[in-house]
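**Student:** After the structure tokens below, expect a handful of questions from me.
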Amino acid sequence: MPVQFDPSAVEAALDKRFIVGPQIAVGGQGAVFRATRSSRPDGTATDDVVALKLHLYHTQDIRAQREVAAMENIFHPALARMVENGSCEVAGRRTRYVAWEFIEGRTLSRQLKIGRLEEHEVLAIGRDVSAAIAEIWSQRIVHGDIKPSNIMLRDSGGTVLIDLGAARYLAQDNSPAAREPFGTRGYFSPEQARATKALSCASDVFSLGVVMLQCLLGRHPTDYSQAPLAAGIRASDMRLAVSANLLSELDKMLSVRPTTRPEPALLSRRFERMYQSVEGIFAMTSTVRSHTEDPILDDVPEEQLAGD
């Protein structure tokens, strides 16, 4: 059972600079609290609402450091902003912590429990997450764990890719763990499942393709089995009432050959164009539906609707 953190002990360990609120997540790696930061480490005043992540064990320091290193020099609206990080003593136990901007919204995994998403919603997710993949790849970083629970949907609109704990600077990571598959089965690219060291952004593109297909279907396309993904699946072979352009892009993203998958920056631009087109059609259809189902007209005698 994960170690429990006492909010008052956390506040004391961080010199009362944080007011720690409710715990919003807990797992084998650590716990996350909603908190308000009243001052920075240098003492200057601030008023930040943050997601305060506390890592449970020393063995997770490498993962925490990867996440910190990946985000120290990256600022992008589709990536969570790191506010502060460091180590502290909580009740006599050294604890690594990272404070992230608090995102008002919900995870994609939670949204999918309600049901499948509409095409325009999936395109918006694809546009934002592929832009995030392109941004971290500009620093030669692979996220490595793109899945619905690592994608946040802002209440205000927009999508945010979170949790870079599995991220790797490929040119620098020579640890034994780098020779083992990392991420989540059911979302591995074929090369990631083989523990290929020289991964690229193409691996993240594949994982995003799986997520987008899951959103359209309302279920995981292979029931989380990795073998069909390694053999190759095609969105165009499934009965989906979406545009041919989107199916074509998904087929490319899900190619077993990394070199044939689209570049993420290009994908983001293509998805934006498709989104604008589909969103316009969706809005027009909704308007027509609202007029034809006007509740005011339901109470008008049929003779008046037909004319005198």
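Ligands are numbered from 1 in the order shown, chains are lettered A, B, ... in the order of the structure tokens, and residues start at 1 in each chain.
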Please identify all polymer residues within 8 Å of A:Glu104, counting only C-alpha atoms, omitting same-chain residues fewer than 4 positions from it, and present them as a ChimeraX atom specification.
**Tutor:** /A:154-156
**Student:** Using the selection just defined, write its residues with N, CA and C atoms as a PDB file, in the first residue's frame.
**Tutor:**
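Wrote it out as result_11.pdb, contents follow:
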```pdb
ATOM      1  N   ARG A 154      -8.793  20.466 -20.955  1.00  0.00           N
ATOM      2  CA  ARG A 154      -9.086  21.667 -20.164  1.00  0.00           C
ATOM      3  C   ARG A 154     -10.573  22.004 -20.238  1.00  0.00           C
ATOM      4  N   ASP A 155     -11.130  22.455 -19.113  1.00  0.00           N
ATOM      5  CA  ASP A 155     -12.511  22.922 -19.114  1.00  0.00           C
ATOM      6  C   ASP A 155     -12.670  24.117 -20.047  1.00  0.00           C
ATOM      7  N   SER A 156     -11.622  24.913 -20.161  1.00  0.00           N
ATOM      8  CA  SER A 156     -11.664  26.117 -20.997  1.00  0.00           C
ATOM      9  C   SER A 156     -11.410  25.815 -22.475  1.00  0.00           C
TER      10      SER A 156
END
```
**Student:** Taking the DSSP secondary structure from the backbone, can you list the residues of stretch 43-267 of chain A that are strand (DSSP E or B), as a PyMOL selection string?
**Tutor:** chain A and resi 45-55+79+82-90+93-101+105-107+141-142+151-154+159-161+168-169
**Student:** Could you pull out the residues in stretch 87-253 of chain A that DSSP calls helix (DSSP H, G or I) from the backbone, as a ChimeraX atom specification?
**Tutor:** /A:108-112,119-137,148-150,176-179,190-193,201-217,227-231,235-237,244-253
**Student:** List every residue of stretch 112-133 of chain A that has an atom at most 12 Å from any atom of stretch 197-201 of chain A, giving for each one its closest atom pair and the distance in Å to one decimal, counting only C-alpha atoms, sorted by chain and then by ascending residue number, as JSON lines.
**Tutor:**
```
{"residue": "A:Val129", "atom": "CA", "partner": "A:Cys201", "partner_atom": "CA", "distance": 11.9}
{"residue": "A:Ser130", "atom": "CA", "partner": "A:Cys201", "partner_atom": "CA", "distance": 9.6}
{"residue": "A:Ala131", "atom": "CA", "partner": "A:Cys201", "partner_atom": "CA", "distance": 11.2}
{"residue": "A:Ala132", "atom": "CA", "partner": "A:Cys201", "partner_atom": "CA", "distance": 10.5}
{"residue": "A:Ile133", "atom": "CA", "partner": "A:Cys201", "partner_atom": "CA", "distance": 6.8}
```
**Student:** Take the residues just selected and output them with N, CA and C atoms as a PDB file, in the first residue's frame.
**Tutor:**
```pdb
ATOM      1  N   VAL A 129      -2.034  17.302 -29.163  1.00  0.00           N
ATOM      2  CA  VAL A 129      -1.038  16.346 -28.670  1.00  0.00           C
ATOM      3  C   VAL A 129       0.094  16.177 -29.679  1.00  0.00           C
ATOM      4  N   SER A 130      -0.215  16.183 -30.972  1.00  0.00           N
ATOM      5  CA  SER A 130       0.868  16.074 -31.960  1.00  0.00           C
ATOM      6  C   SER A 130       1.760  17.314 -31.908  1.00  0.00           C
ATOM      7  N   ALA A 131       1.175  18.490 -31.607  1.00  0.00           N
ATOM      8  CA  ALA A 131       1.996  19.698 -31.430  1.00  0.00           C
ATOM      9  C   ALA A 131       2.903  19.559 -30.216  1.00  0.00           C
ATOM     10  N   ALA A 132       2.393  18.947 -29.143  1.00  0.00           N
ATOM     11  CA  ALA A 132       3.212  18.709 -27.952  1.00  0.00           C
ATOM     12  C   ALA A 132       4.342  17.731 -28.246  1.00  0.00           C
ATOM     13  N   ILE A 133       4.044  16.693 -29.016  1.00  0.00           N
ATOM     14  CA  ILE A 133       5.078  15.719 -29.401  1.00  0.00           C
ATOM     15  C   ILE A 133       6.173  16.410 -30.206  1.00  0.00           C
TER      16      ILE A 133
END
```
**Student:** Would you mind reading off the distance between atom CA of A:Met238 and atom CA of A:Ser225, one decimal, in Å?
**Tutor:** 17.0 Å
**Student:** With a distance cut-off of 10 Å and only C-alpha atoms, select the neighbouring residues of A:Leu14, excluding the residue or stretch itself and same-chain residues fewer than 5 positions from it, and output the selection as a PyMOL selection string.
**Tutor:** chain A and resi 8-9+19+37+41+86-90+97
**Student:** List every residue of stretch 49-127 of chain A that has an atom at most 6 Å from any atom of stretch 207-219 of chain A, giving for each one its closest atom pair and the distance in Å to one decimal, counting only C-alpha atoms, sorted by chain and then by ascending residue number, as CSV.
**Tutor:**
```
residue,atom,partner,partner_atom,distance
A:Gly115,CA,A:Gly218,CA,5.4
A:Arg116,CA,A:Gly218,CA,3.8
A:Leu117,CA,A:Cys215,CA,5.4
```
**Student:** Would you mind exporting C-alpha atoms of the selected residues as a short mmCIF file (atom, residue, chain, number, x, y, z; two decimals), in the first residue's frame?
**Tutor:**
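The result, written out as out09.cif:
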```
data_model
loop_
_atom_site.label_atom_id
_atom_site.label_comp_id
_atom_site.auth_asym_id
_atom_site.auth_seq_id
_atom_site.Cartn_x
_atom_site.Cartn_y
_atom_site.Cartn_z
CA GLY A 115 -18.52 7.05 -24.39
CA ARG A 116 -16.84 7.61 -27.71
CA LEU A 117 -15.93 11.09 -28.95
#
```
**Student:** In terms of the shortest atom-to-atom distance over only C-alpha atoms, which of A:Val122, A:Val10, A:Ile146, A:Val49 is closest to A:Ala31?
**Tutor:**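 Result for the nearest residue to A:Ala31: A:Val10.
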**Student:** For A:Ile136, please output as a list of chain:residue names all residues within 10 Å (counting only C-alpha atoms; exclusion window: fewer than 3 positions along the same chain).
**Tutor:** A:Ala70, A:Met71, A:Asn73, A:Ile74, A:Phe75, A:His76, A:Leu79, A:Ala131, A:Ala132, A:Ile133, A:Gln139, A:Arg140, A:Ile141, A:Val142, A:His143, A:Leu164, A:Ala167, A:Tyr169, A:Cys201
**Student:** Suppose we keep C-alpha atoms; can you now write the selection as a PDB file, in the first residue's frame?
**Tutor:**
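Result went into selection-v2.pdb, see below:
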```pdb
ATOM      1  CA  ALA A  70      12.373  17.216 -19.946  1.00  0.00           C
ATOM      2  CA  MET A  71      10.351  20.264 -18.935  1.00  0.00           C
ATOM      3  CA  ASN A  73      13.371  24.515 -20.920  1.00  0.00           C
ATOM      4  CA  ILE A  74      10.065  23.761 -22.623  1.00  0.00           C
ATOM      5  CA  PHE A  75       7.028  26.052 -22.607  1.00  0.00           C
ATOM      6  CA  HIS A  76       4.059  25.103 -24.743  1.00  0.00           C
ATOM      7  CA  LEU A  79       2.313  20.729 -22.223  1.00  0.00           C
ATOM      8  CA  ALA A 131       1.996  19.698 -31.430  1.00  0.00           C
ATOM      9  CA  ALA A 132       3.212  18.709 -27.952  1.00  0.00           C
ATOM     10  CA  ILE A 133       5.078  15.719 -29.401  1.00  0.00           C
ATOM     11  CA  GLN A 139      14.771  18.769 -27.710  1.00  0.00           C
ATOM     12  CA  ARG A 140      15.174  15.160 -28.917  1.00  0.00           C
ATOM     13  CA  ILE A 141      12.883  13.866 -26.177  1.00  0.00           C
ATOM     14  CA  VAL A 142      10.414  11.004 -26.612  1.00  0.00           C
ATOM     15  CA  HIS A 143       7.453  11.032 -24.210  1.00  0.00           C
ATOM     16  CA  LEU A 164       6.885  12.956 -18.769  1.00  0.00           C
ATOM     17  CA  ALA A 167      10.505  10.590 -21.155  1.00  0.00           C
ATOM     18  CA  TYR A 169      16.800  12.195 -23.879  1.00  0.00           C
ATOM     19  CA  CYS A 201       8.998  11.000 -32.230  1.00  0.00           C
TER      20      CYS A 201
END
```
**Student:** So the first atom is atom CA of A:Ala25 and the second is atom CA of A:Tyr224; what is the distance between them in Å, to one decimal place?
**Tutor:**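 Atom CA of A:Tyr224 lies at a distance of 23.2 Å from atom CA of A:Ala25.
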**Student:** Quote the spacing between atom CA of A:Ser109 and atom CA of A:Asn150 in Å to one decimal place.
**Tutor:** 8.3 Å
**Student:** Got a sec: who's within 12 Å of A:Glu119, counting only C-alpha atoms, leaving out chain neighbours fewer than 3 positions off, as JSON, numbers by chain?
**Tutor:** {"A": [116, 122, 123, 124, 125, 126, 212, 213, 214, 215, 216, 217, 218, 240, 241, 242, 243, 244, 245, 246, 247, 271, 274, 275, 276, 277, 278, 279, 280, 281, 282]}
**Student:** Would you mind exporting N, CA and C atoms of the selected residues as an mmCIF file, in the first residue's frame?
**Tutor:**
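File produced: out34.cif:
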```cif
data_model
loop_
_atom_site.group_PDB
_atom_site.id
_atom_site.type_symbol
_atom_site.label_atom_id
_atom_site.label_comp_id
_atom_site.auth_asym_id
_atom_site.auth_seq_id
_atom_site.Cartn_x
_atom_site.Cartn_y
_atom_site.Cartn_z
ATOM 1 N N ARG A 116 -17.758 7.198 -26.652
ATOM 2 C CA ARG A 116 -16.843 7.609 -27.711
ATOM 3 C C ARG A 116 -16.968 9.105 -27.981
ATOM 4 N N VAL A 122 -11.982 14.520 -31.535
ATOM 5 C CA VAL A 122 -10.776 13.707 -31.723
ATOM 6 C C VAL A 122 -9.727 14.480 -32.512
ATOM 7 N N LEU A 123 -10.167 15.227 -33.497
ATOM 8 C CA LEU A 123 -9.229 16.042 -34.281
ATOM 9 C C LEU A 123 -8.557 17.104 -33.408
ATOM 10 N N ALA A 124 -9.315 17.716 -32.503
ATOM 11 C CA ALA A 124 -8.731 18.722 -31.606
ATOM 12 C C ALA A 124 -7.685 18.101 -30.701
ATOM 13 N N ILE A 125 -7.960 16.904 -30.198
ATOM 14 C CA ILE A 125 -6.985 16.200 -29.358
ATOM 15 C C ILE A 125 -5.745 15.865 -30.177
ATOM 16 N N GLY A 126 -5.948 15.331 -31.369
ATOM 17 C CA GLY A 126 -4.809 14.987 -32.229
ATOM 18 C C GLY A 126 -3.967 16.192 -32.579
ATOM 19 N N MET A 212 -6.266 8.010 -30.521
ATOM 20 C CA MET A 212 -7.302 8.637 -31.341
ATOM 21 C C MET A 212 -8.302 7.603 -31.853
ATOM 22 N N LEU A 213 -7.806 6.435 -32.247
ATOM 23 C CA LEU A 213 -8.698 5.378 -32.704
ATOM 24 C C LEU A 213 -9.580 4.901 -31.553
ATOM 25 N N GLN A 214 -9.023 4.803 -30.367
ATOM 26 C CA GLN A 214 -9.793 4.437 -29.185
ATOM 27 C C GLN A 214 -10.912 5.450 -28.922
ATOM 28 N N CYS A 215 -10.605 6.726 -29.108
ATOM 29 C CA CYS A 215 -11.615 7.775 -28.912
ATOM 30 C C CYS A 215 -12.769 7.627 -29.895
ATOM 31 N N LEU A 216 -12.469 7.301 -31.140
ATOM 32 C CA LEU A 216 -13.503 7.166 -32.172
ATOM 33 C C LEU A 216 -14.360 5.920 -31.958
ATOM 34 N N LEU A 217 -13.722 4.845 -31.490
ATOM 35 C CA LEU A 217 -14.431 3.583 -31.292
ATOM 36 C C LEU A 217 -15.194 3.533 -29.969
ATOM 37 N N GLY A 218 -14.669 4.265 -28.976
ATOM 38 C CA GLY A 218 -15.245 4.177 -27.632
ATOM 39 C C GLY A 218 -14.717 2.988 -26.859
ATOM 40 N N LEU A 240 -16.146 3.125 -39.304
ATOM 41 C CA LEU A 240 -16.170 4.401 -38.601
ATOM 42 C C LEU A 240 -16.771 5.466 -39.501
ATOM 43 N N ALA A 241 -17.759 6.174 -38.990
ATOM 44 C CA ALA A 241 -18.425 7.224 -39.761
ATOM 45 C C ALA A 241 -17.667 8.539 -39.604
ATOM 46 N N VAL A 242 -16.452 8.552 -40.149
ATOM 47 C CA VAL A 242 -15.615 9.749 -40.095
ATOM 48 C C VAL A 242 -15.046 10.000 -41.485
ATOM 49 N N SER A 243 -14.386 11.138 -41.654
ATOM 50 C CA SER A 243 -13.875 11.515 -42.971
ATOM 51 C C SER A 243 -12.767 10.569 -43.441
ATOM 52 N N ALA A 244 -12.694 10.415 -44.745
ATOM 53 C CA ALA A 244 -11.650 9.581 -45.339
ATOM 54 C C ALA A 244 -10.268 10.148 -45.046
ATOM 55 N N ASN A 245 -10.158 11.475 -44.958
ATOM 56 C CA ASN A 245 -8.860 12.092 -44.657
ATOM 57 C C ASN A 245 -8.351 11.684 -43.286
ATOM 58 N N LEU A 246 -9.239 11.657 -42.300
ATOM 59 C CA LEU A 246 -8.817 11.265 -40.950
ATOM 60 C C LEU A 246 -8.406 9.797 -40.928
ATOM 61 N N LEU A 247 -9.176 8.939 -41.568
ATOM 62 C CA LEU A 247 -8.819 7.515 -41.616
ATOM 63 C C LEU A 247 -7.460 7.318 -42.281
ATOM 64 N N PHE A 271 -4.396 18.222 -38.907
ATOM 65 C CA PHE A 271 -5.548 18.043 -38.028
ATOM 66 C C PHE A 271 -6.278 19.364 -37.802
ATOM 67 N N MET A 274 -8.421 19.896 -40.873
ATOM 68 C CA MET A 274 -9.570 18.988 -40.829
ATOM 69 C C MET A 274 -10.564 19.436 -39.766
ATOM 70 N N TYR A 275 -10.037 19.880 -38.629
ATOM 71 C CA TYR A 275 -10.895 20.329 -37.530
ATOM 72 C C TYR A 275 -11.761 21.499 -37.974
ATOM 73 N N GLN A 276 -11.152 22.473 -38.644
ATOM 74 C CA GLN A 276 -11.900 23.635 -39.101
ATOM 75 C C GLN A 276 -13.017 23.220 -40.049
ATOM 76 N N SER A 277 -12.729 22.271 -40.917
ATOM 77 C CA SER A 277 -13.726 21.800 -41.872
ATOM 78 C C SER A 277 -14.847 21.032 -41.183
ATOM 79 N N VAL A 278 -14.474 20.082 -40.339
ATOM 80 C CA VAL A 278 -15.472 19.239 -39.671
ATOM 81 C C VAL A 278 -16.252 20.029 -38.639
ATOM 82 N N GLU A 279 -15.591 20.922 -37.917
ATOM 83 C CA GLU A 279 -16.270 21.730 -36.911
ATOM 84 C C GLU A 279 -17.338 22.610 -37.556
ATOM 85 N N GLY A 280 -17.032 23.134 -38.753
ATOM 86 C CA GLY A 280 -18.018 23.940 -39.464
ATOM 87 C C GLY A 280 -19.245 23.129 -39.828
ATOM 88 N N ILE A 281 -19.015 21.902 -40.317
ATOM 89 C CA ILE A 281 -20.135 21.023 -40.666
ATOM 90 C C ILE A 281 -20.930 20.655 -39.423
ATOM 91 N N PHE A 282 -20.211 20.352 -38.318
ATOM 92 C CA PHE A 282 -20.863 19.967 -37.061
ATOM 93 C C PHE A 282 -21.733 21.102 -36.536
#
```
**Student:** From the set A:Ala78, A:Ala99, A:Ile233, A:Leu112, which residue has the shortest atom-to-atom contact distance to A:Val160, counting only C-alpha atoms?
**Tutor:**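 Between A:Ala78, A:Ala99, A:Ile233, A:Leu112, the residue approaching A:Val160 most closely is A:Ala78.
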